[in-house]
Each structure stands twice: as structure tokens, then as C-alpha cells.
file query30.txt (compact mmCIF, C-alpha atoms)
# COMPACT_ATOMS: atom_id res chain seq x y z
CA MET H 1 101.54 79.83 98.48
CA ALA H 2 99.58 81.54 95.70
CA LYS H 3 101.19 84.26 93.63
CA LYS H 4 99.92 87.80 94.33
CA TYR H 5 97.66 89.00 91.52
CA ARG H 6 98.88 92.03 89.54
CA ASN H 7 96.72 94.02 87.14
CA LYS H 8 97.72 94.06 83.50
CA GLU H 9 98.80 97.44 82.14
CA ASN H 10 95.86 99.86 81.74
CA GLN H 11 93.48 97.46 83.48
CA GLY H 12 92.11 97.08 86.98
CA VAL H 13 89.57 95.43 89.25
CA MET H 14 86.70 96.67 91.42
CA PHE H 15 84.98 94.86 94.27
CA ARG H 16 81.81 95.63 96.21
CA LYS H 17 82.52 95.88 99.94
CA ARG H 18 80.29 93.42 101.73
CA TYR H 19 80.57 94.86 105.22
CA LYS H 20 80.91 98.49 106.24
CA GLU H 21 81.61 99.51 109.83
CA ASN H 22 80.26 103.03 109.23
CA ALA H 23 78.52 105.01 106.49
CA ASN H 24 81.71 106.88 105.53
CA GLN H 25 83.45 103.74 104.27
CA PRO H 26 83.31 103.13 100.50
CA ASP H 27 80.83 100.79 98.84
CA PHE H 28 83.44 99.72 96.26
CA VAL H 29 87.23 99.33 96.37
CA GLY H 30 89.76 98.41 93.73
CA SER H 31 93.03 99.09 92.00
CA PHE H 32 94.40 99.63 88.51
CA THR H 33 97.76 99.88 86.79
CA ILE H 34 98.68 102.43 84.13
CA GLU H 35 101.65 102.68 81.79
CA ASN H 36 105.10 102.19 83.33
CA GLY H 37 103.57 99.92 86.00
CA ARG H 38 102.30 102.77 88.21
CA GLU H 39 99.59 101.42 90.50
CA TYR H 40 96.61 103.31 91.87
CA GLU H 41 93.83 102.38 94.24
CA PHE H 42 90.32 103.76 94.27
CA ALA H 43 87.23 103.79 96.40
CA GLY H 44 83.63 104.44 95.33
CA TRP H 45 80.46 105.47 97.11
CA HIS H 46 76.85 105.13 95.96
CA ALA H 47 75.35 108.60 95.55
CA THR H 48 72.27 110.27 94.11
CA GLY H 49 72.16 113.56 92.18
CA ARG H 50 70.55 116.34 94.21
CA LYS H 51 68.47 117.73 91.34
CA SER H 52 68.35 114.85 88.85
CA LEU H 53 67.93 112.14 91.51
CA LYS H 54 69.97 109.88 89.20
CA PRO H 55 72.23 107.33 90.88
CA TYR H 56 75.99 107.49 90.33
CA VAL H 57 79.24 106.35 91.95
CA ARG H 58 81.54 109.00 93.48
CA LEU H 59 85.24 108.03 93.22
CA ARG H 60 88.48 108.77 95.06
CA VAL H 61 91.78 107.78 93.37
CA LYS H 62 95.27 107.84 94.90
CA PRO H 63 98.67 106.26 94.27
CA LYS H 64 98.80 102.80 95.84
CA GLY H 65 100.42 102.67 99.26
CA ARG H 66 99.90 106.34 100.16
CA GLY H 67 97.88 107.38 103.21

call {"tool": "encode", "arguments": {"input": "query30.txt", "output": "C-alpha cells"}}
result
Amino acid sequence: MAKKYRNKENQGVMFRKRYKENANQPDFVGSFTIENGREYEFAGWHATGRKSLKPYVRLRVKPKGRG
């Protein structure tokens, strides 16, 4: 069985979600580790500025394993 991948300190990974069941689900998901081994997960959504019309990614970050 393959070893579970762990991020190196102060690094992370981000993946594009291929399939979304509804529009509220994120377009990107990932995780990162900071000093002392604390792990966080994040989600990102494609968005467009209301006035500028410039594209950006809106993020949500939370400690890994929390609701």
C-alpha cells in the first residue's frame, strides 16, 4: 500500500475539481502545512470582479479535519 503524501513545511498542493454536483462546490481544492506541522485545507471558486470584470479565485481556508 502506498504511503500517504504529506506536504513539506510551508508548502501545499492545489487541484482543479473535475466534477461538481452543484454550482456552490469549489472549483479548486487543496491543502498546505505551516510551521509546527499544522495542516490546513482550502477551497477556491472562480469569480469575476463586479466593477473591474477581472477574473480571480475566491478562497476559504480552515484547519484540516474541521467541519

call {"tool": "closest_residue", "arguments": {"input": "query30.txt", "among": "H:Phe42, H:Phe28, H:Tyr5, H:Phe15", "to": "Pro63 (chain H)", "atoms": "only C-alpha atoms"}}
result
H:Phe42

call {"tool": "residues_near_point", "arguments": {"input": "query30.txt", "point": "(92.9, 98.3, 84.8)", "cutoff": "8 Å", "atoms": "all atoms listed in the file", "output": "list in words"}}
result
Asn7, Lys8, Glu9, Asn10, Gln11, Gly12, Val13, Ser31, Phe32, Thr33 and Ile34 of chain H

call {"tool": "atom_distance", "arguments": {"input": "query30.txt", "atom1": "CA of Lys62 (chain H)", "atom2": "CA of Val29 (chain H)"}}
result
11.8 Å

call {"tool": "residues_around", "arguments": {"input": "query30.txt", "residues": "region 53-59 of chain H", "least_positions_apart": "3", "cutoff": "10 Å", "atoms": "only C-alpha atoms", "output": "list of chain:residue names"}}
result
H:Pro26, H:Asp27, H:Phe28, H:Val29, H:Phe42, H:Ala43, H:Gly44, H:Trp45, H:His46, H:Ala47, H:Thr48, H:Gly49, H:Arg50

call {"tool": "closest_residue", "arguments": {"input": "query30.txt", "among": "H:Ser52, H:Glu21, H:Arg66, H:Arg16", "to": "Tyr40 (chain H)", "atoms": "all atoms listed in the file"}}
result
H:Arg66

call {"tool": "atom_distance", "arguments": {"input": "query30.txt", "atom1": "CA of Asn24 (chain H)", "atom2": "CA of Arg38 (chain H)"}}
result
27.2 Å

call {"tool": "atom_distance", "arguments": {"input": "query30.txt", "atom1": "CA of Val61 (chain H)", "atom2": "CA of Ala23 (chain H)"}}
result
18.9 Å
